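Chemist: Input structure: my_file-v4.cif, which contains mmCIF, C-alpha atoms.
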data_final
loop_
_atom_site.label_atom_id
_atom_site.label_comp_id
_atom_site.auth_asym_id
_atom_site.auth_seq_id
_atom_site.Cartn_x
_atom_site.Cartn_y
_atom_site.Cartn_z
CA MET A 1 108.02 74.54 112.44
CA SER A 2 109.96 77.83 112.28
CA ARG A 3 106.76 79.68 113.13
CA ILE A 4 106.20 77.51 116.23
CA LEU A 5 109.81 77.83 117.37
CA GLY A 6 109.71 81.57 116.82
CA PHE A 7 106.63 81.96 118.96
CA CYS A 8 108.09 79.75 121.70
CA PHE A 9 111.09 82.10 121.75
CA LEU A 10 108.83 85.11 122.00
CA LEU A 11 106.97 83.53 124.90
CA THR A 12 110.20 83.42 126.89
CA THR A 13 110.49 87.20 126.83
CA PRO A 14 108.89 89.21 129.66
CA ALA A 15 107.40 91.70 127.18
CA LEU A 16 105.16 89.10 125.55
CA LEU A 17 104.33 87.32 128.79
CA PHE A 18 102.63 90.54 129.90
CA ALA A 19 101.59 91.71 126.44
CA ASN A 20 98.40 93.49 125.54
CA THR A 21 97.50 91.63 122.36
CA GLY A 22 95.41 93.07 119.54
CA VAL A 23 94.46 92.09 116.02
CA ALA A 24 94.02 94.24 112.93
CA PHE A 25 92.07 93.16 109.84
CA VAL A 26 93.51 94.74 106.67
CA HIS A 27 91.35 94.45 103.54
CA GLY A 28 92.47 94.04 99.93
CA THR A 29 91.91 96.08 96.77
CA GLY A 30 89.03 98.52 97.03
CA LYS A 31 87.94 101.68 98.80
CA GLN A 32 86.34 100.48 102.01
CA THR A 33 84.16 102.39 104.46
CA ASP A 34 82.67 99.38 106.29
CA ALA A 35 85.10 96.52 105.72
CA ARG A 36 83.84 94.65 108.76
CA ASN A 37 80.50 94.00 107.09
CA ASP A 38 81.24 94.45 103.40
CA TYR A 39 84.64 92.79 103.07
CA TRP A 40 85.26 90.37 105.93
CA THR A 41 81.70 89.95 107.27
CA ARG A 42 80.82 90.41 110.90
CA GLU A 43 80.73 86.62 111.45
CA MET A 44 84.37 86.25 110.41
CA VAL A 45 85.67 89.16 112.48
CA ASP A 46 83.69 88.26 115.59
CA SER A 47 84.80 84.63 115.43
CA VAL A 48 88.51 85.43 115.10
CA ARG A 49 88.65 88.10 117.80
CA GLN A 50 87.34 85.66 120.40
CA GLY A 51 90.89 84.32 120.51
CA LEU A 52 92.12 87.51 122.13
CA PRO A 53 92.54 87.79 125.90
CA ASN A 54 90.45 90.95 125.50
CA SER A 55 88.11 90.46 122.54
CA SER A 56 87.57 94.21 122.20
CA ASN A 57 91.23 94.72 121.21
CA TYR A 58 90.61 94.62 117.49
CA THR A 59 90.35 97.02 114.60
CA VAL A 60 89.04 96.68 111.05
CA ILE A 61 90.89 98.94 108.64
CA ASN A 62 88.98 101.10 106.13
CA CYS A 63 91.25 102.72 103.53
CA ASP A 64 91.43 103.49 99.83
CA PHE A 65 93.39 100.57 98.43
CA GLU A 66 92.50 101.59 94.90
CA GLN A 67 95.71 103.64 95.07
CA PHE A 68 99.36 102.63 94.73
CA MET A 69 100.59 100.92 97.89
CA TRP A 70 102.74 103.87 99.00
CA ASP A 71 99.99 106.47 98.51
CA SER A 72 98.83 108.47 101.52
CA ALA A 73 95.32 107.07 101.01
CA ALA A 74 96.71 103.53 101.11
CA ALA A 75 99.82 102.98 103.27
CA GLY A 76 99.40 106.39 104.87
CA CYS A 77 95.84 105.66 105.87
CA LEU A 78 96.79 102.17 107.07
CA ALA A 79 99.64 103.54 109.16
CA ASP A 80 97.39 106.18 110.69
CA GLN A 81 94.69 103.69 111.66
CA LEU A 82 97.13 101.08 112.96
CA LEU A 83 99.04 103.59 115.07
CA SER A 84 95.82 105.08 116.44
CA PHE A 85 94.66 101.59 117.41
CA ILE A 86 98.01 100.78 119.04
CA ASN A 87 98.07 104.00 121.04
CA ASN A 88 94.40 104.15 121.99
CA ARG A 89 94.27 100.54 123.18
CA GLY A 90 97.82 100.31 124.52
CA ILE A 91 98.64 97.42 122.20
CA THR A 92 102.10 95.91 122.71
CA ASP A 93 101.61 92.72 120.66
CA LEU A 94 99.85 93.17 117.32
CA VAL A 95 98.82 90.39 114.93
CA VAL A 96 97.88 91.66 111.48
CA ILE A 97 95.50 89.63 109.32
CA THR A 98 95.49 90.84 105.75
CA HIS A 99 94.03 89.69 102.46
CA SER A 100 95.08 89.93 98.82
CA ASN A 101 96.55 93.35 97.88
CA GLY A 102 96.45 94.36 101.55
CA GLY A 103 99.54 92.19 101.89
CA ASN A 104 101.39 94.46 99.45
CA VAL A 105 100.43 97.58 101.40
CA MET A 106 101.61 95.92 104.61
CA ARG A 107 104.86 94.89 102.98
CA TRP A 108 105.44 98.48 101.86
CA ILE A 109 105.28 99.61 105.49
CA LEU A 110 107.48 96.74 106.68
CA SER A 111 110.03 97.26 103.89
CA ASN A 112 110.37 101.04 104.10
CA PRO A 113 110.72 102.08 107.75
CA THR A 114 112.40 105.38 106.86
CA PHE A 115 109.62 106.43 104.47
CA ASP A 116 107.29 107.56 107.26
CA SER A 117 107.99 108.26 110.94
CA ARG A 118 104.96 106.20 111.91
CA TYR A 119 106.26 103.01 110.33
CA PRO A 120 108.93 102.08 112.93
CA GLN A 121 106.45 102.60 115.75
CA ILE A 122 104.04 100.17 114.09
CA ILE A 123 106.69 97.59 113.14
CA SER A 124 107.98 97.46 116.73
CA LYS A 125 104.55 96.30 117.93
CA ILE A 126 103.83 93.65 115.26
CA ARG A 127 104.26 90.02 116.28
CA TRP A 128 103.65 88.78 112.74
CA VAL A 129 101.41 89.17 109.70
CA ASN A 130 99.01 86.43 108.60
CA ALA A 131 98.63 86.98 104.86
CA LEU A 132 95.54 85.36 103.36
CA ALA A 133 95.90 84.93 99.59
CA ALA A 134 98.42 87.77 99.30
CA SER A 135 99.10 89.01 95.76
CA SER A 136 102.85 89.21 96.34
CA LEU A 137 103.86 88.41 92.76
CA GLY A 138 100.83 90.01 91.12
CA THR A 139 98.28 88.31 88.88
CA PRO A 140 97.82 87.88 85.12
CA LEU A 141 94.26 89.10 85.63
CA ALA A 142 95.58 92.56 86.45
CA ASP A 143 97.46 92.57 83.15
CA ALA A 144 94.27 91.61 81.33
CA ALA A 145 92.18 94.29 83.03
CA THR A 146 94.81 96.99 82.53
CA ASN A 147 95.41 96.18 78.88
CA GLY A 148 91.68 96.37 78.19
CA ASN A 149 91.46 93.23 76.12
CA VAL A 150 88.38 91.06 75.67
CA PHE A 151 88.91 89.61 79.14
CA GLU A 152 88.45 93.00 80.82
CA ILE A 153 84.69 92.55 81.23
CA ALA A 154 85.21 89.20 82.94
CA VAL A 155 87.63 90.56 85.54
CA GLY A 156 86.31 94.06 86.05
CA TRP A 157 83.85 92.94 88.72
CA LEU A 158 86.73 91.34 90.60
CA LEU A 159 89.44 93.97 90.27
CA GLY A 160 87.62 97.24 89.77
CA TYR A 161 89.11 97.76 86.32
CA ALA A 162 92.31 99.75 85.76
CA SER A 163 92.80 101.57 89.05
CA ASP A 164 96.32 102.28 90.27
CA ALA A 165 96.07 99.28 92.58
CA VAL A 166 95.17 97.04 89.66
CA LYS A 167 98.04 98.41 87.56
CA GLN A 168 100.34 97.78 90.51
CA GLN A 169 99.36 94.09 90.60
CA GLN A 170 100.45 93.41 87.03
CA VAL A 171 103.03 90.63 87.07
CA SER A 172 105.88 92.70 85.61
CA TRP A 173 105.11 95.67 87.83
CA MET A 174 105.16 93.55 90.99
CA ALA A 175 108.44 91.99 89.83
CA HIS A 176 109.89 95.52 89.66
CA TYR A 177 108.57 96.51 93.09
CA ASN A 178 109.77 93.25 94.64
CA ALA A 179 113.24 93.76 93.19
CA ASN A 180 113.57 97.40 94.21
CA ASN A 181 111.09 98.51 96.86
CA LEU A 182 109.82 95.52 98.84
CA TYR A 183 111.39 92.88 101.07
CA GLY A 184 110.52 89.26 101.60
CA THR A 185 110.74 87.74 98.11
CA ASN A 186 113.44 85.39 96.82
CA GLY A 187 116.86 87.05 96.75
CA ARG A 188 115.72 90.11 98.72
CA PRO A 189 116.29 90.99 102.39
CA GLY A 190 113.90 89.42 104.84
CA LEU A 191 111.00 91.30 106.37
CA PRO A 192 111.47 92.59 109.94
CA VAL A 193 108.55 90.45 111.18
CA GLY A 194 107.12 87.11 110.11
CA PHE A 195 104.91 87.19 107.02
CA TYR A 196 102.99 83.90 106.95
CA ASN A 197 100.91 82.93 103.94
CA VAL A 198 97.67 80.99 103.71
CA VAL A 199 97.45 79.77 100.11
CA GLY A 200 94.19 79.03 98.30
CA SER A 201 94.62 76.34 95.66
CA ASP A 202 91.31 75.89 93.83
CA VAL A 203 87.72 77.06 93.28
CA GLU A 204 84.62 74.90 93.60
CA SER A 205 81.31 76.16 92.25
CA SER A 206 79.05 73.17 91.78
CA PRO A 207 75.43 74.12 92.50
CA PHE A 208 75.03 70.67 94.04
CA ASP A 209 77.86 71.15 96.55
CA GLY A 210 76.91 73.08 99.66
CA ASP A 211 80.52 74.12 100.22
CA SER A 212 80.40 76.14 96.99
CA TYR A 213 77.95 78.53 98.66
CA CYS A 214 80.27 79.54 101.51
CA GLY A 215 81.16 83.18 100.95
CA GLY A 216 78.58 83.55 98.17
CA TYR A 217 77.90 81.19 95.30
CA THR A 218 77.85 83.91 92.62
CA LEU A 219 81.31 85.14 93.60
CA ASN A 220 82.70 81.62 93.56
CA LEU A 221 81.14 80.99 90.17
CA GLY A 222 82.85 84.11 88.81
CA LEU A 223 86.18 82.96 90.24
CA GLU A 224 85.69 79.61 88.54
CA VAL A 225 85.54 81.51 85.24
CA THR A 226 88.62 83.64 85.89
CA GLN A 227 90.56 80.59 87.02
CA GLU A 228 90.65 79.44 83.40
CA TRP A 229 93.33 82.10 82.78
CA LEU A 230 95.47 81.01 85.73
CA ASP A 231 97.58 78.02 86.77
CA ASN A 232 96.01 74.77 87.90
CA CYS A 233 96.95 75.77 91.43
CA SER A 234 95.11 79.04 91.95
CA ASP A 235 92.23 80.53 93.92
CA GLY A 236 90.46 82.10 90.94
CA PHE A 237 92.33 85.39 91.28
CA LEU A 238 95.92 84.50 92.16
CA ASN A 239 98.26 81.70 91.26
CA CYS A 240 99.55 79.77 94.25
CA SER A 241 103.07 80.94 93.36
CA SER A 242 102.00 84.56 93.87
CA GLN A 243 100.35 83.83 97.19
CA ALA A 244 103.52 82.08 98.38
CA GLY A 245 105.88 84.62 96.80
CA ALA A 246 106.87 86.62 99.89
CA GLY A 247 107.64 85.54 103.42
CA GLN A 248 106.84 81.94 104.30
CA VAL A 249 103.96 79.56 103.59
CA TRP A 250 101.98 78.83 106.74
CA PHE A 251 99.69 76.29 105.09
CA TYR A 252 97.82 75.45 101.92
CA ASP A 253 94.03 75.39 102.21
CA THR A 254 93.60 71.61 101.88
CA GLN A 255 96.00 71.12 104.79
CA LEU A 256 93.34 72.87 106.86
CA SER A 257 90.38 70.84 105.60
CA ASN A 258 89.32 68.77 102.60
CA GLU A 259 88.00 71.91 100.92
CA PRO A 260 89.96 74.49 98.89
CA LEU A 261 89.59 78.19 99.61
CA SER A 262 88.68 80.44 96.71
CA HIS A 263 89.94 84.01 96.77
CA ASN A 264 86.61 85.10 98.17
CA GLN A 265 86.40 82.33 100.77
CA SER A 266 89.83 83.14 102.21
CA ARG A 267 88.36 86.31 103.77
CA ARG A 268 85.24 84.61 105.09
CA LYS A 269 84.20 82.16 107.78
CA CYS A 270 84.69 79.07 105.61
CA PHE A 271 85.94 75.56 106.40
CA GLY A 272 87.43 76.38 109.80
CA LEU A 273 89.74 79.19 108.66
CA ASP A 274 88.32 81.49 111.31
CA VAL A 275 89.11 78.94 114.03
CA VAL A 276 92.72 78.60 112.89
CA LEU A 277 93.18 82.38 112.92
CA ARG A 278 91.42 82.62 116.28
CA ASN A 279 93.67 79.99 117.85
CA ASP A 280 96.73 81.76 116.42
CA LEU A 281 96.04 84.79 118.58
#
Using structure tokens, write down the structure that the file contains.

Modeler:
Amino acid sequence: MSRILGFCFLLTTPALLFANTGVAFVHGTGKQTDARNDYWTREMVDSVRQGLPNSSNYTVINCDFEQFMWDSAAAGCLADQLLSFINNRGITDLVVITHSNGGNVMRWILSNPTFDSRYPQIISKIRWVNALAASSLGTPLADAATNGNVFEIAVGWLLGYASDAVKQQQVSWMAHYNANNLYGTNGRPGLPVGFYNVVGSDVESSPFDGDSYCGGYTLNLGLEVTQEWLDNCSDGFLNCSSQAGAGQVWFYDTQLSNEPLSHNQSRRKCFGLDVVLRNDL
């Protein structure tokens, strides 16, 4: 309800009534060079951007999110690409759609406006951030991969082993960052723009269920395995509590449809998620 009321308030302002709206897709952990095809898929991006008044006002970020969130290759690269998009397209109303660890990089920018002169310029143009399965409180899987125990082999395909970004997403490390460097979590100052979470609550990987193939059956099967080390409410990579740990919950997956969203499916055109994000624009 607060999200709806907030947008109704924005609609009463002349700036938004005549806004030039754009959308930015911000990927999660990994070093991306073609995130449109390799991370989000072209079908997902093209479906969502149809909700824009001008469907060409979109950008897909490609940065090195193997680094710590504040690194020049991570937040610096993100800031550079967002500001270039804003300036080149004349964007005055920006919706950011991010996934997984991309939410942490976005929160770094939103929480530290004095860290980089580009940050305030970007923040002033953002309407809100839609965070899909954000790793706001970290994940026990990052602890397992970093500590190199027997579970490392099982999660290496998912996390990329012990990169700085993986170390960053250890539960205790994220607790430190949330308490000292980031806004939006319980007991901390609020973020300067809305940070709305879509929470994935389960993984389905039955070979006899067609829904298990959305986003790739093999990936969902792997997430079914890693889910054994997480809470009952999890998307195979993150506990629901982590996904809901910063900002506000927009909705849980099963409130969207009868199907849960695995961590992989929450960045793909699965179960009407693309339509919800499209209509949000």

Chemist: How many Å lie between CA of Asn101 (chain A) and CA of Ala134 (chain A), rounded to one decimal?

Modeler: 6.1 Å

Chemist: If the PyMOL selection byres ((chain A and resi 206) around 12) were run on this exact file, what residues would it hold? Put them as a list in words.

Modeler: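 This file gives the following for the PyMOL selection byres ((chain A and resi 206) around 12): Val203, Glu204, Ser205, Pro207, Phe208, Asp209, Gly210, Asp211, Ser212, Tyr213, Cys214, Tyr217, Thr218, Asn220, Leu221, Gly222 and Glu224 of chain A.
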
Chemist: Could you expand the PyMOL selection byres ((chain A and resi 182) around 10) into the explicit residues it covers here, written as a PyMOL selection string?

Modeler: chain A and resi 104-105+107-112+136+174-181+183-185+188-191+246

Chemist: Could you write out the selected residues, including C-alpha atoms, as a JSON list (two decimals), in the coordinates of the input?

Modeler:
[["chain", "number", "residue", "atom", "x", "y", "z"],
["A", 104, "ASN", "CA", 101.39, 94.46, 99.45],
["A", 105, "VAL", "CA", 100.43, 97.58, 101.40],
["A", 107, "ARG", "CA", 104.86, 94.89, 102.98],
["A", 108, "TRP", "CA", 105.44, 98.48, 101.86],
["A", 109, "ILE", "CA", 105.28, 99.61, 105.49],
["A", 110, "LEU", "CA", 107.48, 96.74, 106.68],
["A", 111, "SER", "CA", 110.03, 97.26, 103.89],
["A", 112, "ASN", "CA", 110.37, 101.04, 104.10],
["A", 136, "SER", "CA", 102.85, 89.21, 96.34],
["A", 174, "MET", "CA", 105.16, 93.55, 90.99],
["A", 175, "ALA", "CA", 108.44, 91.99, 89.83],
["A", 176, "HIS", "CA", 109.89, 95.52, 89.66],
["A", 177, "TYR", "CA", 108.57, 96.51, 93.09],
["A", 178, "ASN", "CA", 109.77, 93.25, 94.64],
["A", 179, "ALA", "CA", 113.24, 93.76, 93.19],
["A", 180, "ASN", "CA", 113.57, 97.40, 94.21],
["A", 181, "ASN", "CA", 111.09, 98.51, 96.86],
["A", 183, "TYR", "CA", 111.39, 92.88, 101.07],
["A", 184, "GLY", "CA", 110.52, 89.26, 101.60],
["A", 185, "THR", "CA", 110.74, 87.74, 98.11],
["A", 188, "ARG", "CA", 115.72, 90.11, 98.72],
["A", 189, "PRO", "CA", 116.29, 90.99, 102.39],
["A", 190, "GLY", "CA", 113.90, 89.42, 104.84],
["A", 191, "LEU", "CA", 111.00, 91.30, 106.37],
["A", 246, "ALA", "CA", 106.87, 86.62, 99.89]]

Chemist: Using the chain letters and numbers from the file, which residues does the PyMOL selection byres ((chain A and resi 37) around 12) grab, as a PyMOL selection string?

Modeler: chain A and resi 25+27+32-36+38-46+60-62+267-268

Chemist: Using only C-alpha atoms, which of A:Ala79, A:Ile97, A:Ile91, A:Val171 sits nearest Val276 (chain A)?

Modeler: A:Ile97

Chemist: Do a neighbour search on Gly236 (chain A) at 9 Å with all atoms listed in the file, toss out local chain neighbours closer than 5 positions, and write the hits as a ChimeraX atom specification.

Modeler: /A:200-203,220,222-230,262-264

Chemist: Within 8 Å of Ile126 (chain A), counting only C-alpha atoms, which residues qualify if same-chain residues fewer than 6 places away don't, as a ChimeraX atom specification?

Modeler: /A:92-96,193

Chemist: Distance CA of Asp280 (chain A)-CA of Ser257 (chain A), one decimal place?

Modeler: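 CA of Ser257 (chain A) lies at a distance of 16.6 Å from CA of Asp280 (chain A).
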
Chemist: Which is closest to Ile123 (chain A) among A:Ala74, A:Asn279, A:Pro192, A:His99, if we use only C-alpha atoms?

Modeler: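 Looking at the shortest contact to Ile123 (chain A), the residue is A:Pro192.
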
Chemist: With distances taken over all atoms listed in the file, which residue among A:Asp235, A:Gly247, A:Tyr119, A:Ser163 lies nearest Glu259 (chain A)?

Modeler: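 Closest to Glu259 (chain A) of all the choices is A:Asp235.
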
Chemist: As lines of an AutoDock Vina configuration file, please: the centre and edge lengths in Å, to one decimal, of an axis-aligned box enclosing every listed atom of region 101-113 of chain A with 4 Å added on each side.

Modeler:
center_x = 103.6
center_y = 97.1
center_z = 102.8
size_x = 22.3
size_y = 17.9
size_z = 17.9

Chemist: Find the residues around Asp253 (chain A) up to 6 Å (all atoms listed in the file counted), leave out those fewer than 6 positions away in its own chain, and share them as a PDB file with C-alpha atoms, in the frame of the given file.

Modeler:
ATOM      1  CA  VAL A 199      97.450  79.770 100.110  1.00  0.00           C
ATOM      2  CA  GLY A 200      94.190  79.030  98.300  1.00  0.00           C
ATOM      3  CA  PRO A 260      89.960  74.490  98.890  1.00  0.00           C
ATOM      4  CA  LEU A 261      89.590  78.190  99.610  1.00  0.00           C
TER       5      LEU A 261
END

Chemist: Since the input lacks atoms, please generate all heavy atoms for region 108-119 of chain A and provide them as a JSON list (two decimals), keeping the file's coordinate frame.

Modeler:
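File written: part19.json
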[["chain", "number", "residue", "atom", "x", "y", "z"],
["A", 108, "TRP", "N", 104.83, 97.15, 102.09],
["A", 108, "TRP", "CA", 105.44, 98.48, 101.86],
["A", 108, "TRP", "C", 105.86, 99.10, 103.19],
["A", 108, "TRP", "O", 106.97, 99.61, 103.33],
["A", 108, "TRP", "CB", 104.47, 99.40, 101.12],
["A", 108, "TRP", "CG", 105.01, 100.79, 101.03],
["A", 108, "TRP", "CD1", 104.75, 101.84, 101.89],
["A", 108, "TRP", "CD2", 105.96, 101.29, 100.08],
["A", 108, "TRP", "NE1", 105.47, 102.95, 101.53],
["A", 108, "TRP", "CE2", 106.23, 102.65, 100.42],
["A", 108, "TRP", "CE3", 106.60, 100.72, 98.99],
["A", 108, "TRP", "CZ2", 107.11, 103.43, 99.69],
["A", 108, "TRP", "CZ3", 107.48, 101.51, 98.26],
["A", 108, "TRP", "CH2", 107.72, 102.84, 98.61],
["A", 109, "ILE", "N", 104.97, 99.05, 104.17],
["A", 109, "ILE", "CA", 105.28, 99.61, 105.49],
["A", 109, "ILE", "C", 106.45, 98.87, 106.12],
["A", 109, "ILE", "O", 107.39, 99.48, 106.65],
["A", 109, "ILE", "CB", 104.03, 99.56, 106.40],
["A", 109, "ILE", "CG1", 102.98, 100.56, 105.90],
["A", 109, "ILE", "CG2", 104.41, 99.82, 107.85],
["A", 109, "ILE", "CD1", 101.68, 100.53, 106.68],
["A", 110, "LEU", "N", 106.43, 97.54, 106.06],
["A", 110, "LEU", "CA", 107.48, 96.74, 106.68],
["A", 110, "LEU", "C", 108.83, 96.90, 105.98],
["A", 110, "LEU", "O", 109.88, 96.77, 106.62],
["A", 110, "LEU", "CB", 107.08, 95.26, 106.67],
["A", 110, "LEU", "CG", 105.84, 94.88, 107.47],
["A", 110, "LEU", "CD1", 105.48, 93.41, 107.24],
["A", 110, "LEU", "CD2", 106.04, 95.14, 108.96],
["A", 111, "SER", "N", 108.80, 97.18, 104.68],
["A", 111, "SER", "CA", 110.03, 97.26, 103.89],
["A", 111, "SER", "C", 110.65, 98.64, 103.86],
["A", 111, "SER", "O", 111.82, 98.79, 103.46],
["A", 111, "SER", "CB", 109.75, 96.82, 102.44],
["A", 111, "SER", "OG", 109.21, 95.53, 102.37],
["A", 112, "ASN", "N", 109.90, 99.65, 104.26],
["A", 112, "ASN", "CA", 110.37, 101.04, 104.10],
["A", 112, "ASN", "C", 110.22, 101.84, 105.40],
["A", 112, "ASN", "O", 109.50, 102.84, 105.44],
["A", 112, "ASN", "CB", 109.60, 101.71, 102.97],
["A", 112, "ASN", "CG", 109.83, 101.05, 101.63],
["A", 112, "ASN", "OD1", 110.82, 101.33, 100.95],
["A", 112, "ASN", "ND2", 108.93, 100.16, 101.23],
["A", 113, "PRO", "N", 110.91, 101.42, 106.45],
["A", 113, "PRO", "CA", 110.72, 102.08, 107.75],
["A", 113, "PRO", "C", 111.12, 103.54, 107.78],
["A", 113, "PRO", "O", 110.66, 104.29, 108.65],
["A", 113, "PRO", "CB", 111.60, 101.24, 108.69],
["A", 113, "PRO", "CG", 112.61, 100.60, 107.80],
["A", 113, "PRO", "CD", 111.88, 100.32, 106.52],
["A", 114, "THR", "N", 111.98, 103.98, 106.86],
["A", 114, "THR", "CA", 112.40, 105.38, 106.86],
["A", 114, "THR", "C", 111.48, 106.27, 106.01],
["A", 114, "THR", "O", 111.68, 107.49, 105.99],
["A", 114, "THR", "CB", 113.84, 105.52, 106.33],
["A", 114, "THR", "OG1", 113.91, 105.06, 104.97],
["A", 114, "THR", "CG2", 114.81, 104.71, 107.18],
["A", 115, "PHE", "N", 110.51, 105.67, 105.34],
["A", 115, "PHE", "CA", 109.62, 106.43, 104.47],
["A", 115, "PHE", "C", 108.67, 107.31, 105.26],
["A", 115, "PHE", "O", 108.28, 108.38, 104.81],
["A", 115, "PHE", "CB", 108.84, 105.46, 103.58],
["A", 115, "PHE", "CG", 107.98, 106.11, 102.54],
["A", 115, "PHE", "CD1", 108.52, 106.51, 101.33],
["A", 115, "PHE", "CD2", 106.62, 106.33, 102.75],
["A", 115, "PHE", "CE1", 107.74, 107.11, 100.34],
["A", 115, "PHE", "CE2", 105.82, 106.93, 101.78],
["A", 115, "PHE", "CZ", 106.38, 107.31, 100.58],
["A", 116, "ASP", "N", 108.30, 106.86, 106.46],
["A", 116, "ASP", "CA", 107.29, 107.56, 107.26],
["A", 116, "ASP", "C", 107.63, 107.33, 108.73],
["A", 116, "ASP", "O", 107.90, 106.19, 109.14],
["A", 116, "ASP", "CB", 105.90, 107.00, 106.93],
["A", 116, "ASP", "CG", 104.76, 107.78, 107.56],
["A", 116, "ASP", "OD1", 104.77, 107.95, 108.80],
["A", 116, "ASP", "OD2", 103.83, 108.18, 106.83],
["A", 117, "SER", "N", 107.60, 108.38, 109.52],
["A", 117, "SER", "CA", 107.99, 108.26, 110.94],
["A", 117, "SER", "C", 107.07, 107.35, 111.73],
["A", 117, "SER", "O", 107.45, 106.88, 112.82],
["A", 117, "SER", "CB", 108.03, 109.65, 111.58],
["A", 117, "SER", "OG", 106.74, 110.26, 111.55],
["A", 118, "ARG", "N", 105.88, 107.09, 111.21],
["A", 118, "ARG", "CA", 104.96, 106.20, 111.91],
["A", 118, "ARG", "C", 105.32, 104.73, 111.75],
["A", 118, "ARG", "O", 104.98, 103.90, 112.59],
["A", 118, "ARG", "CB", 103.53, 106.43, 111.41],
["A", 118, "ARG", "CG", 102.96, 107.79, 111.73],
["A", 118, "ARG", "CD", 101.65, 108.04, 111.00],
["A", 118, "ARG", "NE", 101.85, 108.09, 109.55],
["A", 118, "ARG", "CZ", 100.87, 108.34, 108.66],
["A", 118, "ARG", "NH1", 99.64, 108.55, 109.10],
["A", 118, "ARG", "NH2", 101.12, 108.40, 107.37],
["A", 119, "TYR", "N", 106.01, 104.42, 110.65],
["A", 119, "TYR", "CA", 106.26, 103.01, 110.33],
["A", 119, "TYR", "C", 107.05, 102.28, 111.41],
["A", 119, "TYR", "O", 106.65, 101.18, 111.83],
["A", 119, "TYR", "CB", 106.98, 102.88, 108.98],
["A", 119, "TYR", "CG", 106.17, 103.25, 107.76],
["A", 119, "TYR", "CD1", 104.87, 103.76, 107.85],
["A", 119, "TYR", "CD2", 106.70, 103.10, 106.49],
["A", 119, "TYR", "CE1", 104.14, 104.10, 106.72],
["A", 119, "TYR", "CE2", 105.97, 103.43, 105.35],
["A", 119, "TYR", "CZ", 104.70, 103.93, 105.47],
["A", 119, "TYR", "OH", 103.99, 104.27, 104.35]]
